[in-house]
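Coordinates as given in start-v3.cif (mmCIF, C-alpha atoms):
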```cif
data_structure
#
loop_
_atom_site.group_PDB
_atom_site.id
_atom_site.type_symbol
_atom_site.label_atom_id
_atom_site.label_comp_id
_atom_site.auth_asym_id
_atom_site.auth_seq_id
_atom_site.Cartn_x
_atom_site.Cartn_y
_atom_site.Cartn_z
ATOM 1 C CA MET S 86 -36.430 -44.226 -27.425
ATOM 2 C CA GLU S 87 -34.409 -43.643 -24.259
ATOM 3 C CA MET S 88 -34.141 -39.911 -23.636
ATOM 4 C CA PRO S 89 -32.228 -37.805 -21.083
ATOM 5 C CA GLY S 90 -33.683 -36.407 -17.884
ATOM 6 C CA GLU S 91 -36.035 -33.453 -18.045
ATOM 7 C CA ALA S 92 -33.542 -30.771 -17.013
ATOM 8 C CA ASP S 93 -30.558 -31.354 -19.339
ATOM 9 C CA LYS S 94 -30.934 -29.559 -22.698
ATOM 10 C CA HIS S 95 -27.357 -30.380 -23.710
ATOM 11 C CA ALA S 96 -27.954 -34.106 -23.213
ATOM 12 C CA TRP S 97 -31.200 -33.900 -25.195
ATOM 13 C CA ARG S 98 -29.434 -32.162 -28.070
ATOM 14 C CA SER S 99 -26.596 -34.698 -28.101
ATOM 15 C CA GLU S 100 -28.937 -37.682 -28.103
ATOM 16 C CA ILE S 101 -31.220 -36.348 -30.833
ATOM 17 C CA LEU S 102 -28.302 -35.379 -33.055
ATOM 18 C CA ARG S 103 -26.831 -38.861 -32.528
ATOM 19 C CA GLN S 104 -30.128 -40.458 -33.573
ATOM 20 C CA ARG S 105 -30.468 -38.192 -36.615
ATOM 21 C CA SER S 106 -26.948 -39.069 -37.767
ATOM 22 C CA ALA S 107 -27.865 -42.781 -37.570
ATOM 23 C CA GLN S 108 -30.821 -42.327 -39.943
ATOM 24 C CA THR S 109 -30.293 -43.810 -43.395
ATOM 25 C CA ALA S 110 -30.612 -41.728 -46.555
ATOM 26 C CA THR S 111 -33.607 -43.851 -47.583
ATOM 27 C CA GLU S 112 -35.402 -43.215 -44.276
ATOM 28 C CA HIS S 113 -34.689 -39.493 -44.492
ATOM 29 C CA ALA S 114 -35.959 -39.291 -48.079
ATOM 30 C CA GLU S 115 -39.201 -41.089 -47.178
ATOM 31 C CA GLU S 116 -39.809 -38.804 -44.199
ATOM 32 C CA ALA S 117 -39.065 -35.757 -46.382
ATOM 33 C CA ARG S 118 -41.592 -36.954 -48.967
ATOM 34 C CA LEU S 119 -44.271 -37.375 -46.289
ATOM 35 C CA LEU S 120 -43.566 -33.924 -44.816
ATOM 36 C CA ALA S 121 -43.815 -32.313 -48.259
ATOM 37 C CA LYS S 122 -47.122 -34.056 -48.907
ATOM 38 C CA THR S 123 -48.582 -32.675 -45.666
ATOM 39 C CA ALA S 124 -47.029 -29.241 -46.193
ATOM 40 C CA GLY S 125 -48.806 -28.955 -49.528
ATOM 41 C CA LYS S 126 -52.103 -29.273 -47.650
ATOM 42 C CA LEU S 127 -51.021 -26.568 -45.166
ATOM 43 C CA ALA S 128 -50.272 -24.007 -47.872
ATOM 44 C CA VAL S 129 -52.055 -20.684 -47.457
ATOM 45 C CA ASN S 130 -52.849 -18.016 -50.008
ATOM 46 C CA GLY S 131 -50.350 -15.689 -48.392
ATOM 47 C CA TRP S 132 -46.992 -15.752 -46.621
ATOM 48 C CA VAL S 133 -45.401 -18.742 -44.898
ATOM 49 C CA CYS S 134 -42.102 -18.635 -43.023
ATOM 50 C CA ALA S 135 -40.133 -21.841 -43.439
ATOM 51 C CA TYR S 136 -36.486 -22.934 -43.601
ATOM 52 C CA VAL S 137 -34.209 -25.084 -45.754
ATOM 53 C CA PRO S 138 -33.507 -28.346 -43.888
ATOM 54 C CA VAL S 139 -29.797 -29.129 -43.478
ATOM 55 C CA ARG S 140 -27.595 -31.522 -41.487
ATOM 56 C CA GLY S 141 -30.198 -34.242 -40.964
ATOM 57 C CA GLU S 142 -33.118 -31.910 -40.195
ATOM 58 C CA PRO S 143 -36.469 -33.384 -41.217
ATOM 59 C CA GLY S 144 -37.668 -32.455 -44.671
ATOM 60 C CA SER S 145 -36.129 -31.204 -47.898
ATOM 61 C CA ARG S 146 -36.546 -28.399 -50.410
ATOM 62 C CA GLU S 147 -39.484 -30.448 -51.711
ATOM 63 C CA LEU S 148 -41.441 -29.115 -48.704
ATOM 64 C CA LEU S 149 -40.778 -25.520 -49.810
ATOM 65 C CA ASP S 150 -41.829 -26.309 -53.368
ATOM 66 C CA ALA S 151 -45.044 -27.974 -52.109
ATOM 67 C CA LEU S 152 -45.922 -24.798 -50.220
ATOM 68 C CA CYS S 153 -45.310 -22.686 -53.340
ATOM 69 C CA VAL S 154 -47.378 -25.008 -55.556
ATOM 70 C CA GLY S 155 -50.156 -24.747 -52.963
ATOM 71 C CA GLY S 156 -50.250 -20.960 -53.410
ATOM 72 C CA SER S 157 -48.005 -19.767 -50.591
ATOM 73 C CA ARG S 158 -45.253 -17.189 -50.844
ATOM 74 C CA VAL S 159 -42.385 -18.585 -48.795
ATOM 75 C CA LEU S 160 -40.012 -16.544 -46.647
ATOM 76 C CA LEU S 161 -36.742 -18.119 -45.525
ATOM 77 C CA PRO S 162 -34.462 -16.934 -42.725
ATOM 78 C CA VAL S 163 -31.193 -15.144 -43.353
ATOM 79 C CA THR S 164 -28.801 -15.305 -40.411
ATOM 80 C CA GLY S 165 -26.575 -12.500 -39.280
ATOM 81 C CA PRO S 166 -25.169 -11.475 -35.934
ATOM 82 C CA PRO S 167 -27.075 -12.821 -32.909
ATOM 83 C CA GLY S 168 -30.493 -11.240 -32.917
ATOM 84 C CA PRO S 169 -33.793 -11.634 -34.761
ATOM 85 C CA LEU S 170 -33.638 -13.395 -38.114
ATOM 86 C CA GLN S 171 -33.893 -11.446 -41.351
ATOM 87 C CA TRP S 172 -36.112 -12.868 -44.130
ATOM 88 C CA ALA S 173 -36.057 -13.116 -47.921
ATOM 89 C CA GLU S 174 -38.418 -14.769 -50.385
ATOM 90 C CA TYR S 175 -37.776 -18.266 -51.740
ATOM 91 C CA THR S 176 -38.338 -18.348 -55.499
ATOM 92 C CA GLY S 177 -36.970 -21.817 -56.245
ATOM 93 C CA PRO S 178 -33.797 -23.865 -55.771
ATOM 94 C CA ASP S 179 -31.753 -21.482 -57.932
ATOM 95 C CA SER S 180 -32.481 -18.662 -55.476
ATOM 96 C CA LEU S 181 -30.443 -20.320 -52.698
ATOM 97 C CA GLN S 182 -26.788 -19.873 -51.805
ATOM 98 C CA PRO S 183 -24.504 -21.381 -49.134
ATOM 99 C CA ALA S 184 -24.373 -19.344 -45.915
ATOM 100 C CA ARG S 185 -23.016 -19.515 -42.363
ATOM 101 C CA PHE S 186 -23.574 -22.590 -40.195
ATOM 102 C CA GLY S 187 -23.835 -24.741 -43.352
ATOM 103 C CA LEU S 188 -27.234 -23.227 -44.192
ATOM 104 C CA LEU S 189 -28.766 -22.418 -47.564
ATOM 105 C CA GLU S 190 -30.303 -18.952 -47.729
ATOM 106 C CA PRO S 191 -32.178 -16.976 -50.395
ATOM 107 C CA ILE S 192 -30.255 -14.423 -52.418
ATOM 108 C CA GLY S 193 -33.197 -12.042 -52.896
ATOM 109 C CA GLU S 194 -33.973 -8.726 -51.245
ATOM 110 C CA LEU S 195 -33.806 -8.750 -47.442
ATOM 111 C CA LEU S 196 -37.225 -7.939 -46.005
ATOM 112 C CA GLY S 197 -36.064 -7.373 -42.428
ATOM 113 C CA ALA S 198 -36.867 -9.044 -39.140
ATOM 114 C CA GLU S 199 -40.394 -7.621 -39.074
ATOM 115 C CA ALA S 200 -41.321 -9.710 -42.158
ATOM 116 C CA VAL S 201 -42.075 -12.620 -39.800
ATOM 117 C CA GLY S 202 -45.234 -10.663 -38.932
ATOM 118 C CA LEU S 203 -46.545 -11.213 -42.481
ATOM 119 C CA ALA S 204 -46.751 -14.986 -42.076
ATOM 120 C CA GLU S 205 -49.940 -16.921 -41.418
ATOM 121 C CA LEU S 206 -47.938 -20.121 -40.856
ATOM 122 C CA ILE S 207 -44.403 -20.429 -39.456
ATOM 123 C CA LEU S 208 -42.572 -23.737 -39.824
ATOM 124 C CA VAL S 209 -39.816 -23.782 -37.215
ATOM 125 C CA PRO S 210 -36.860 -26.179 -37.180
ATOM 126 C CA ALA S 211 -36.560 -28.096 -33.937
ATOM 127 C CA LEU S 212 -34.606 -30.949 -32.461
ATOM 128 C CA ALA S 213 -37.674 -31.902 -30.446
ATOM 129 C CA VAL S 214 -40.966 -30.496 -29.221
ATOM 130 C CA ASP S 215 -43.090 -31.693 -26.335
ATOM 131 C CA LEU S 216 -46.841 -32.077 -25.975
ATOM 132 C CA ARG S 217 -47.019 -28.749 -24.114
ATOM 133 C CA GLY S 218 -45.413 -26.957 -27.071
ATOM 134 C CA VAL S 219 -41.941 -26.525 -25.564
ATOM 135 C CA ARG S 220 -39.413 -26.544 -28.435
ATOM 136 C CA LEU S 221 -35.792 -27.620 -28.237
ATOM 137 C CA GLY S 222 -33.618 -25.839 -30.798
ATOM 138 C CA ARG S 223 -29.907 -25.942 -31.404
ATOM 139 C CA GLY S 224 -29.261 -23.326 -28.726
ATOM 140 C CA ALA S 225 -28.248 -20.243 -30.720
ATOM 141 C CA GLY S 226 -31.484 -18.414 -29.818
ATOM 142 C CA TYR S 227 -32.262 -16.972 -33.267
ATOM 143 C CA TYR S 228 -35.861 -18.179 -33.242
ATOM 144 C CA ASP S 229 -36.382 -17.193 -29.588
ATOM 145 C CA ARG S 230 -35.448 -13.621 -30.560
ATOM 146 C CA THR S 231 -37.567 -13.712 -33.731
ATOM 147 C CA LEU S 232 -40.922 -15.324 -32.981
ATOM 148 C CA GLY S 233 -42.098 -12.633 -30.567
ATOM 149 C CA ALA S 234 -42.708 -10.430 -33.637
ATOM 150 C CA ALA S 235 -45.072 -12.962 -35.217
ATOM 151 C CA ARG S 236 -48.703 -11.923 -35.617
ATOM 152 C CA PRO S 237 -51.148 -13.028 -32.904
ATOM 153 C CA GLY S 238 -52.790 -16.322 -33.741
ATOM 154 C CA VAL S 239 -50.123 -17.385 -36.253
ATOM 155 C CA ARG S 240 -49.755 -21.150 -36.541
ATOM 156 C CA LEU S 241 -46.321 -21.724 -34.926
ATOM 157 C CA THR S 242 -45.364 -25.232 -36.034
ATOM 158 C CA ALA S 243 -42.289 -27.196 -34.971
ATOM 159 C CA VAL S 244 -41.090 -29.635 -37.642
ATOM 160 C CA VAL S 245 -39.635 -32.816 -36.124
ATOM 161 C CA ARG S 246 -39.314 -36.531 -36.739
ATOM 162 C CA ASP S 247 -42.061 -38.648 -35.182
ATOM 163 C CA ALA S 248 -39.827 -39.838 -32.310
ATOM 164 C CA GLU S 249 -38.879 -36.207 -31.557
ATOM 165 C CA LEU S 250 -42.415 -35.347 -30.422
ATOM 166 C CA VAL S 251 -41.944 -36.204 -26.741
ATOM 167 C CA SER S 252 -43.931 -35.920 -23.525
ATOM 168 C CA ARG S 253 -41.768 -33.335 -21.720
ATOM 169 C CA LEU S 254 -38.672 -31.206 -22.449
ATOM 170 C CA PRO S 255 -36.690 -28.781 -20.286
ATOM 171 C CA GLU S 256 -38.160 -25.273 -20.425
ATOM 172 C CA GLU S 257 -36.690 -21.853 -19.667
ATOM 173 C CA PRO S 258 -38.591 -18.582 -19.106
ATOM 174 C CA HIS S 259 -37.597 -17.143 -22.523
ATOM 175 C CA ASP S 260 -38.863 -20.199 -24.463
ATOM 176 C CA LEU S 261 -41.829 -19.421 -26.714
ATOM 177 C CA ARG S 262 -44.158 -22.382 -27.041
ATOM 178 C CA MET S 263 -45.269 -23.857 -30.333
ATOM 179 C CA GLY S 264 -48.953 -24.431 -31.019
ATOM 180 C CA TRP S 265 -48.432 -27.294 -33.463
ATOM 181 C CA ALA S 266 -46.056 -30.084 -34.446
ATOM 182 C CA LEU S 267 -45.572 -31.408 -37.964
ATOM 183 C CA THR S 268 -44.149 -34.921 -38.174
ATOM 184 C CA PRO S 269 -43.690 -37.227 -41.177
ATOM 185 C CA ARG S 270 -46.138 -39.939 -40.166
ATOM 186 C CA GLY S 271 -48.244 -38.108 -37.600
ATOM 187 C CA GLY S 272 -48.935 -35.096 -39.804
ATOM 188 C CA LEU S 273 -50.080 -31.909 -38.095
ATOM 189 C CA ARG S 274 -50.878 -32.148 -34.382
ATOM 190 C CA GLN S 275 -52.052 -29.438 -32.031
ATOM 191 C CA LEU S 276 -49.931 -28.974 -28.907
ATOM 192 C CA GLY S 277 -50.538 -27.409 -25.533
ATOM 193 C CA THR S 278 -53.468 -29.583 -24.580
ATOM 194 C CA VAL S 279 -51.506 -31.111 -21.639
ATOM 195 C CA GLU S 280 -49.476 -29.537 -18.842
#
```

Represent the structure of the file as structure tokens.
Amino acid sequence: MEMPGEADKHAWRSEILRQRSAQTATEHAEEARLLAKTAGKLAVNGWVCAYVPVRGEPGSRELLDALCVGGSRVLLPVTGPPGPLQWAEYTGPDSLQPARFGLLEPIGELLGAEAVGLAELILVPALAVDLRGVRLGRGAGYYDRTLGAARPGVRLTAVVRDAELVSRLPEEPHDLRMGWALTPRGGLRQLGTVE
């Protein structure tokens, strides 16, 4: 895949979104099935922060259900004004409602921004992640303002398509690095082993 130069986040975002929009429904469904299968193996007997994939993001609600079946209690983000994300528990597809930015969010009790500190595993949406752990998001900064409250040693995991795990992305001082990448065919891979 031909990708932009190292310094241009906007160009990276545009190219990845273009490639995601070219993916067929069949390809997306197969990748979502593979991600859910791996996610079921990652389930912990405790809290996991995840998200509901939308607009071509890898995965599906099947991933959330696999975590629940595996024994995890799943927290999903609830967006508000710019700042740290709020969280509420996912209790099944009927617990979701449409929200801003085209997202689906849980309708349950808001647990506050500090709830991210409960999680043993955090699955983070990303447009791309590099081998150093640098994550490229959509640019709104919600996760950058949220993940600093995660517990030490939490498994921060960027969820991307296989081609979106790249050698090097642009990085800014406020970027918090991921320790892991989860891809449909590559499964779980530790990051940060190269510089």

Picked residues, the PyMOL selection byres ((chain S and resi 227) around 7), as a list in words: Pro167, Gly168, Pro169, Leu170, Ala225, Gly226, Tyr228, Asp229, Arg230 and Thr231 of chain S

12 Å contact set for S:Pro178, all atoms listed in the file, chain neighbours under 6 positions out, as a PyMOL selection string: chain S and resi 137+145-150+153+189-192

Selection: 7 Å around S:Leu206, only C-alpha atoms, excl. self and same-chain fewer than 3 positions, as a PyMOL selection string: chain S and resi 133-134+239-241

To test the calculation: enclose all listed atoms of stretch 124-139 of chain S in a box whose edges run along x, y and z, add 5 Å on each side, then state centre and edge lengths in Å to one decimal, as AutoDock Vina command-line options.
```
--center_x -41.3 --center_y -22.5 --center_z -46.5 --size_x 33.1 --size_y 23.6 --size_z 17.0
```

The PyMOL selection byres ((chain S and resi 213-217) around 9) resolved against shown file, as number ranges by chain: S: 97-98, 101, 210-212, 218-222, 243-246, 248-254, 262-264, 266, 275-280

Residue IDs satisfying the PyMOL selection byres ((chain S and resi 155-161) around 7), as a count of residues only: 22

Atom pair atom CA of S:Glu100 / atom CA of S:Glu115: separation (Å): 21.9 Å

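Each of S:Gly202, S:Pro138, S:Gly197, S:Pro166 was compared to S:Arg236 using only C-alpha atoms, and S:Gly202 turns out to be the nearest.
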